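Notes to accompany the following structure.
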Amino acid sequence: MEPSSFVAAPARSYPDTAFVLASSLGPVEPNVATFYGQNYEACYLAGILAGAMSDTGIIGVVAGFDVPATNVNINAYRAGAQETRPGVKLKVAYIGSWFDPPKAKEAAVAQAEQGAKVIYADRVGAIEGAADAGVTALGFMADQSAVAPDTVITSIIWDPYPLLSHAYGQVAAGAFEAKDLSPLELMSAGGCYLAPYGNFATKVPEAVQQQIATKFEAIKGGAFKVEPDESTPVSD
């Protein structure tokens with residue numbers, strides 16, 4: 001199956017141009033390479049942290065839509081939390097939008113009222129909701145500590161440098177390939193990790209920081225595998 005025609009058609013019209021597309025539909029020969037959100041390994045580490053930092057044993061996530069790329073992250077987050085805190089309860093909210101800050105904020109506040117003490121802010125607005133409710137949050141995609149330094153413990157980082165560097169290198173060498181570049185988003189390639197703890201550097205117990213660092217090295221080196229699960233997560 002080809003990516004949507006708005007990319008496939010221009011790619012055919014410009015055969016000497018290399019295209020790198022965020023898509024789950026796969027590459028198109030000869031000049032469209034693709035990648036598809038592989039943040040779930042970092043989400044597992046975020047879950048370890050959330051499970052350890054929630055004194056109620058309840059954590060939350062505010063997401064956009066019930067789609068595989070989002071679900072795999074949430075399920076990894078839950079699995080990581082279960083490693084630290086067996087029996088942890090997860091509250092899941094899909095706001096039905098990729099960008100609706102007021103709705104995301106409202107969902108975060110609602111989860112805090114249900115006892116969630118750490119909220120994975122997959123959507124913009126959830127951090128502000130966590131801050132208003134007096135609970136902590138985990139940023140997503142980039143370091144979001146600046147949004148609320150005393151609320152954001154860390155952030156799940158998606159680093160595009162490895163895949164872009166690979167693509168640029170191929171173009172420079174005149175050897176671009178239409179491939180799935182998603183593996184370059186994994187920890188083994190440097191494509192995902194957690195941001196520094198910022199204002200929480202002294203608040204996250206040293207033992208928890210060490211547990212996360214050890215697990216990071218195990219995942220990166222292949223000694224531990226986070227199994228991707230795209231099923232729809234439901235609230236406990």
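Chain lettering (A, B, ...) mirrors the order of the structure tokens, residue numbering begins at 1 for each chain separately, and ligand numbering begins at 1 in order of display.
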Identify all residues of stretch 1-184 of chain A in strand (DSSP E or B) (DSSP on the backbone) and supply them as a count of residues only.
39
Who sits within 12 Å of A:Val135, only C-alpha atoms, same chain under 5 positions skipped, as a PyMOL selection string:
chain A and resi 50+53-56+58-60+108-121+126-130+148+150-153
Would you list the contacts of A:Asn39 as a list in words, taking every protein, DNA or RNA residue within 9 Å and counting only C-alpha atoms, but skipping same-chain residues closer than 6 positions in sequence?
Ala69, Val72, Asn73, Met141, Ile156, Ile157, Trp158, Glu185, Leu186, Met187, Gly191, Cys192 and Tyr193 of chain A
Among stretch 86-159 of chain A, which ones does DSSP assign to alpha helix (DSSP H) (computed from the backbone)? Answer as an MDAnalysis selection string.
chainID A and resid 101:113 126:133
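For the pair atom CA of A:Arg12 and atom CA of A:Asp180, the separation is 18.1 Å.
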Spatial neighbours of A:His166, 12 Å, only C-alpha atoms, chain gap at least 4 places, as JSON, numbers by chain
{"A": [20, 33, 160, 161, 162, 170, 171, 172, 173, 175, 176, 177, 179, 180, 181, 182, 183, 184, 185, 189, 191]}
Just write the chosen residues, C-alpha atoms, as a compact mmCIF listing (two decimals), in the first residue's frame.
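Final output, saved to part16.txt:
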# COMPACT_ATOMS: atom_id res chain seq x y z
CA VAL A 20 11.27 11.06 4.04
CA ALA A 33 11.49 6.45 2.75
CA PRO A 160 14.87 12.52 14.75
CA TYR A 161 18.60 13.08 14.34
CA PRO A 162 19.61 9.44 13.70
CA GLN A 170 22.54 8.65 1.69
CA VAL A 171 21.52 11.67 -0.37
CA ALA A 172 25.03 13.13 -0.13
CA ALA A 173 26.47 9.84 -1.29
CA ALA A 175 22.69 6.29 -2.66
CA PHE A 176 19.26 7.09 -1.22
CA GLU A 177 17.06 4.05 -0.56
CA LYS A 179 13.32 2.05 3.19
CA ASP A 180 11.47 1.93 6.48
CA LEU A 181 13.66 4.06 8.77
CA SER A 182 11.62 3.34 11.91
CA PRO A 183 14.39 1.24 13.53
CA LEU A 184 16.47 4.43 13.70
CA GLU A 185 13.94 5.83 16.18
CA ALA A 189 20.06 4.03 17.40
CA GLY A 191 16.23 7.84 18.64
If we count only C-alpha atoms and set the cut-off at 10 Å, which residues sit around stretch 27-30 of chain A, ignoring sequence neighbours fewer than 4 positions away in its own chain? Please answer as a list of chain:residue names.
A:Met1, A:Glu2, A:Pro3, A:Val7, A:Ala8, A:Ala11, A:Arg12, A:Pro15, A:Asp16, A:Thr17, A:Ala18, A:Phe19, A:Val20, A:Leu21, A:Ala22, A:Ser23, A:Thr34, A:Phe35, A:Phe176, A:Glu177, A:Ala178, A:Lys179, A:Asp180, A:Leu181
Selection file, N, CA and C atoms, as a PDB file, in the first residue's frame:
ATOM      1  N   MET A   1       0.844  -1.188   0.000  1.00  0.00           N
ATOM      2  CA  MET A   1       0.000   0.000   0.000  1.00  0.00           C
ATOM      3  C   MET A   1       0.887   1.248   0.000  1.00  0.00           C
ATOM      4  N   GLU A   2       0.555   2.183  -0.854  1.00  0.00           N
ATOM      5  CA  GLU A   2       1.346   3.401  -0.944  1.00  0.00           C
ATOM      6  C   GLU A   2       0.868   4.447   0.054  1.00  0.00           C
ATOM      7  N   PRO A   3       1.773   5.362   0.439  1.00  0.00           N
ATOM      8  CA  PRO A   3       1.324   6.506   1.213  1.00  0.00           C
ATOM      9  C   PRO A   3       0.306   7.293   0.405  1.00  0.00           C
ATOM     10  N   VAL A   7       1.624  12.663  -1.392  1.00  0.00           N
ATOM     11  CA  VAL A   7       3.078  12.497  -1.337  1.00  0.00           C
ATOM     12  C   VAL A   7       3.562  11.603  -2.472  1.00  0.00           C
ATOM     13  N   ALA A   8       2.857  10.515  -2.739  1.00  0.00           N
ATOM     14  CA  ALA A   8       3.285   9.584  -3.774  1.00  0.00           C
ATOM     15  C   ALA A   8       3.345  10.249  -5.146  1.00  0.00           C
ATOM     16  N   ALA A  11       6.308  12.604  -5.497  1.00  0.00           N
ATOM     17  CA  ALA A  11       7.525  11.793  -5.510  1.00  0.00           C
ATOM     18  C   ALA A  11       7.774  11.224  -6.898  1.00  0.00           C
ATOM     19  N   ARG A  12       6.718  10.800  -7.558  1.00  0.00           N
ATOM     20  CA  ARG A  12       6.863  10.286  -8.921  1.00  0.00           C
ATOM     21  C   ARG A  12       7.226  11.401  -9.889  1.00  0.00           C
ATOM     22  N   PRO A  15      11.579  12.441  -9.477  1.00  0.00           N
ATOM     23  CA  PRO A  15      12.313  11.204  -9.181  1.00  0.00           C
ATOM     24  C   PRO A  15      13.721  11.426  -8.636  1.00  0.00           C
ATOM     25  N   ASP A  16      14.274  12.620  -8.820  1.00  0.00           N
ATOM     26  CA  ASP A  16      15.624  12.891  -8.325  1.00  0.00           C
ATOM     27  C   ASP A  16      15.623  13.522  -6.940  1.00  0.00           C
ATOM     28  N   THR A  17      14.436  13.677  -6.348  1.00  0.00           N
ATOM     29  CA  THR A  17      14.307  14.235  -5.000  1.00  0.00           C
ATOM     30  C   THR A  17      14.006  13.112  -4.011  1.00  0.00           C
ATOM     31  N   ALA A  18      14.687  13.132  -2.881  1.00  0.00           N
ATOM     32  CA  ALA A  18      14.450  12.130  -1.842  1.00  0.00           C
ATOM     33  C   ALA A  18      13.385  12.646  -0.879  1.00  0.00           C
ATOM     34  N   PHE A  19      12.421  11.819  -0.553  1.00  0.00           N
ATOM     35  CA  PHE A  19      11.357  12.162   0.383  1.00  0.00           C
ATOM     36  C   PHE A  19      11.450  11.244   1.610  1.00  0.00           C
ATOM     37  N   VAL A  20      11.332  11.833   2.796  1.00  0.00           N
ATOM     38  CA  VAL A  20      11.271  11.061   4.035  1.00  0.00           C
ATOM     39  C   VAL A  20       9.961  11.426   4.712  1.00  0.00           C
ATOM     40  N   LEU A  21       9.078  10.459   4.861  1.00  0.00           N
ATOM     41  CA  LEU A  21       7.694  10.706   5.260  1.00  0.00           C
ATOM     42  C   LEU A  21       7.331   9.973   6.540  1.00  0.00           C
ATOM     43  N   ALA A  22       6.685  10.680   7.468  1.00  0.00           N
ATOM     44  CA  ALA A  22       6.133  10.042   8.656  1.00  0.00           C
ATOM     45  C   ALA A  22       4.853   9.322   8.237  1.00  0.00           C
ATOM     46  N   SER A  23       4.905   8.010   8.147  1.00  0.00           N
ATOM     47  CA  SER A  23       3.765   7.246   7.652  1.00  0.00           C
ATOM     48  C   SER A  23       3.874   5.794   8.081  1.00  0.00           C
ATOM     49  N   THR A  34      10.184   6.016   4.746  1.00  0.00           N
ATOM     50  CA  THR A  34       9.193   6.346   5.769  1.00  0.00           C
ATOM     51  C   THR A  34       9.719   6.008   7.169  1.00  0.00           C
ATOM     52  N   PHE A  35       9.060   6.583   8.157  1.00  0.00           N
ATOM     53  CA  PHE A  35       9.295   6.216   9.550  1.00  0.00           C
ATOM     54  C   PHE A  35       7.960   6.341  10.268  1.00  0.00           C
ATOM     55  N   PHE A 176      20.483   7.097  -2.021  1.00  0.00           N
ATOM     56  CA  PHE A 176      19.256   7.094  -1.224  1.00  0.00           C
ATOM     57  C   PHE A 176      18.430   5.851  -1.497  1.00  0.00           C
ATOM     58  N   GLU A 177      17.894   5.249  -0.431  1.00  0.00           N
ATOM     59  CA  GLU A 177      17.065   4.054  -0.558  1.00  0.00           C
ATOM     60  C   GLU A 177      15.671   4.299   0.000  1.00  0.00           C
ATOM     61  N   ALA A 178      14.670   3.768  -0.662  1.00  0.00           N
ATOM     62  CA  ALA A 178      13.297   3.838  -0.170  1.00  0.00           C
ATOM     63  C   ALA A 178      13.120   2.719   0.854  1.00  0.00           C
ATOM     64  N   LYS A 179      13.355   3.053   2.130  1.00  0.00           N
ATOM     65  CA  LYS A 179      13.319   2.049   3.192  1.00  0.00           C
ATOM     66  C   LYS A 179      12.482   2.532   4.364  1.00  0.00           C
ATOM     67  N   ASP A 180      12.107   1.600   5.212  1.00  0.00           N
ATOM     68  CA  ASP A 180      11.474   1.933   6.475  1.00  0.00           C
ATOM     69  C   ASP A 180      12.583   2.303   7.459  1.00  0.00           C
ATOM     70  N   LEU A 181      12.611   3.575   7.877  1.00  0.00           N
ATOM     71  CA  LEU A 181      13.658   4.059   8.766  1.00  0.00           C
ATOM     72  C   LEU A 181      13.261   4.002  10.238  1.00  0.00           C
TER      73      LEU A 181
END
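Among the candidate residues A:Phe224, A:Ala213, A:Ser24, A:Gly139, the one lying nearest to A:Tyr36 is A:Ser24, with distances computed using only C-alpha atoms.
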Mind giving me the straight-line distance from atom CA of A:Ser145 to atom CA of A:Ala207 in Å, one decimal?
22.1 Å
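Going from atom CA of A:Ala93 over to atom CA of A:Asp229, you cover 17.7 Å.
Residue nearest A:Arg85 within the list A:Ala52, A:Ala223, A:Val61, A:Lys215: A:Ala52 [criterion: smallest interatomic distance, only C-alpha atoms].
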A:Thr154 surroundings by only C-alpha atoms, 8 Å radius, close-in-sequence under 4 positions cut, as a VMD selection string
chain A and resid 137 to 139 143 to 145 194 to 198
How would the residues just chosen look if you wrote them out with N, CA and C atoms as an mmCIF file, in the first residue's frame?
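File part16.cif, as written:
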data_model
loop_
_atom_site.group_PDB
_atom_site.id
_atom_site.type_symbol
_atom_site.label_atom_id
_atom_site.label_comp_id
_atom_site.auth_asym_id
_atom_site.auth_seq_id
_atom_site.Cartn_x
_atom_site.Cartn_y
_atom_site.Cartn_z
ATOM 1 N N ALA A 137 3.655 15.692 35.940
ATOM 2 C CA ALA A 137 3.398 15.299 34.557
ATOM 3 C C ALA A 137 4.682 14.838 33.877
ATOM 4 N N LEU A 138 4.498 14.133 32.777
ATOM 5 C CA LEU A 138 5.586 13.705 31.913
ATOM 6 C C LEU A 138 5.348 14.309 30.541
ATOM 7 N N GLY A 139 6.324 15.071 30.031
ATOM 8 C CA GLY A 139 6.188 15.671 28.707
ATOM 9 C C GLY A 139 6.359 14.625 27.619
ATOM 10 N N ASP A 143 11.604 18.033 25.283
ATOM 11 C CA ASP A 143 11.718 18.408 26.687
ATOM 12 C C ASP A 143 10.744 19.548 26.968
ATOM 13 N N GLN A 144 9.705 19.268 27.743
ATOM 14 C CA GLN A 144 8.667 20.256 28.013
ATOM 15 C C GLN A 144 8.746 20.819 29.427
ATOM 16 N N SER A 145 9.897 20.687 30.057
ATOM 17 C CA SER A 145 10.034 21.168 31.430
ATOM 18 C C SER A 145 9.790 22.667 31.546
ATOM 19 N N LEU A 194 14.798 9.569 27.780
ATOM 20 C CA LEU A 194 14.153 10.517 28.671
ATOM 21 C C LEU A 194 15.007 11.768 28.818
ATOM 22 N N ALA A 195 14.327 12.905 28.960
ATOM 23 C CA ALA A 195 15.014 14.178 29.176
ATOM 24 C C ALA A 195 15.571 14.224 30.601
ATOM 25 N N PRO A 196 16.476 15.167 30.889
ATOM 26 C CA PRO A 196 16.966 15.338 32.260
ATOM 27 C C PRO A 196 15.807 15.621 33.221
ATOM 28 N N TYR A 197 16.033 15.351 34.500
ATOM 29 C CA TYR A 197 14.983 15.509 35.501
ATOM 30 C C TYR A 197 14.761 16.956 35.935
ATOM 31 N N GLY A 198 15.600 17.864 35.529
ATOM 32 C CA GLY A 198 15.375 19.276 35.827
ATOM 33 C C GLY A 198 15.182 19.547 37.304
#
Who sits within 9 Å of A:Thr70, only C-alpha atoms, same chain under 6 positions skipped, as a ChimeraX atom specification
/A:37,40,63-64,122,230
Prev. selection, C-alpha atoms, output as a PDB file, in the first residue's frame:
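For reference, result-v9.pdb as written:
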ATOM      1  CA  GLY A  37       6.650   6.805  15.701  1.00  0.00           C
ATOM      2  CA  TYR A  40       7.459   3.118  23.135  1.00  0.00           C
ATOM      3  CA  ALA A  63      -3.894  11.132  24.530  1.00  0.00           C
ATOM      4  CA  GLY A  64      -5.434  12.144  21.215  1.00  0.00           C
ATOM      5  CA  ASP A 122       0.624  13.030  25.218  1.00  0.00           C
ATOM      6  CA  GLU A 230      -0.972  -1.871  19.769  1.00  0.00           C
TER       7      GLU A 230
END
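Comparing the minimum interatomic distances between A:Val234 and each of A:Val32, A:Ile212, A:Val92, A:Ala133, counting only C-alpha atoms, we find that A:Val92 sits nearest.
Of the listed residues A:Asn71, A:Ser155, A:Ser188, A:Thr214, the one whose atoms come nearest to A:Pro228 is A:Asn71, with distances taken using only C-alpha atoms.
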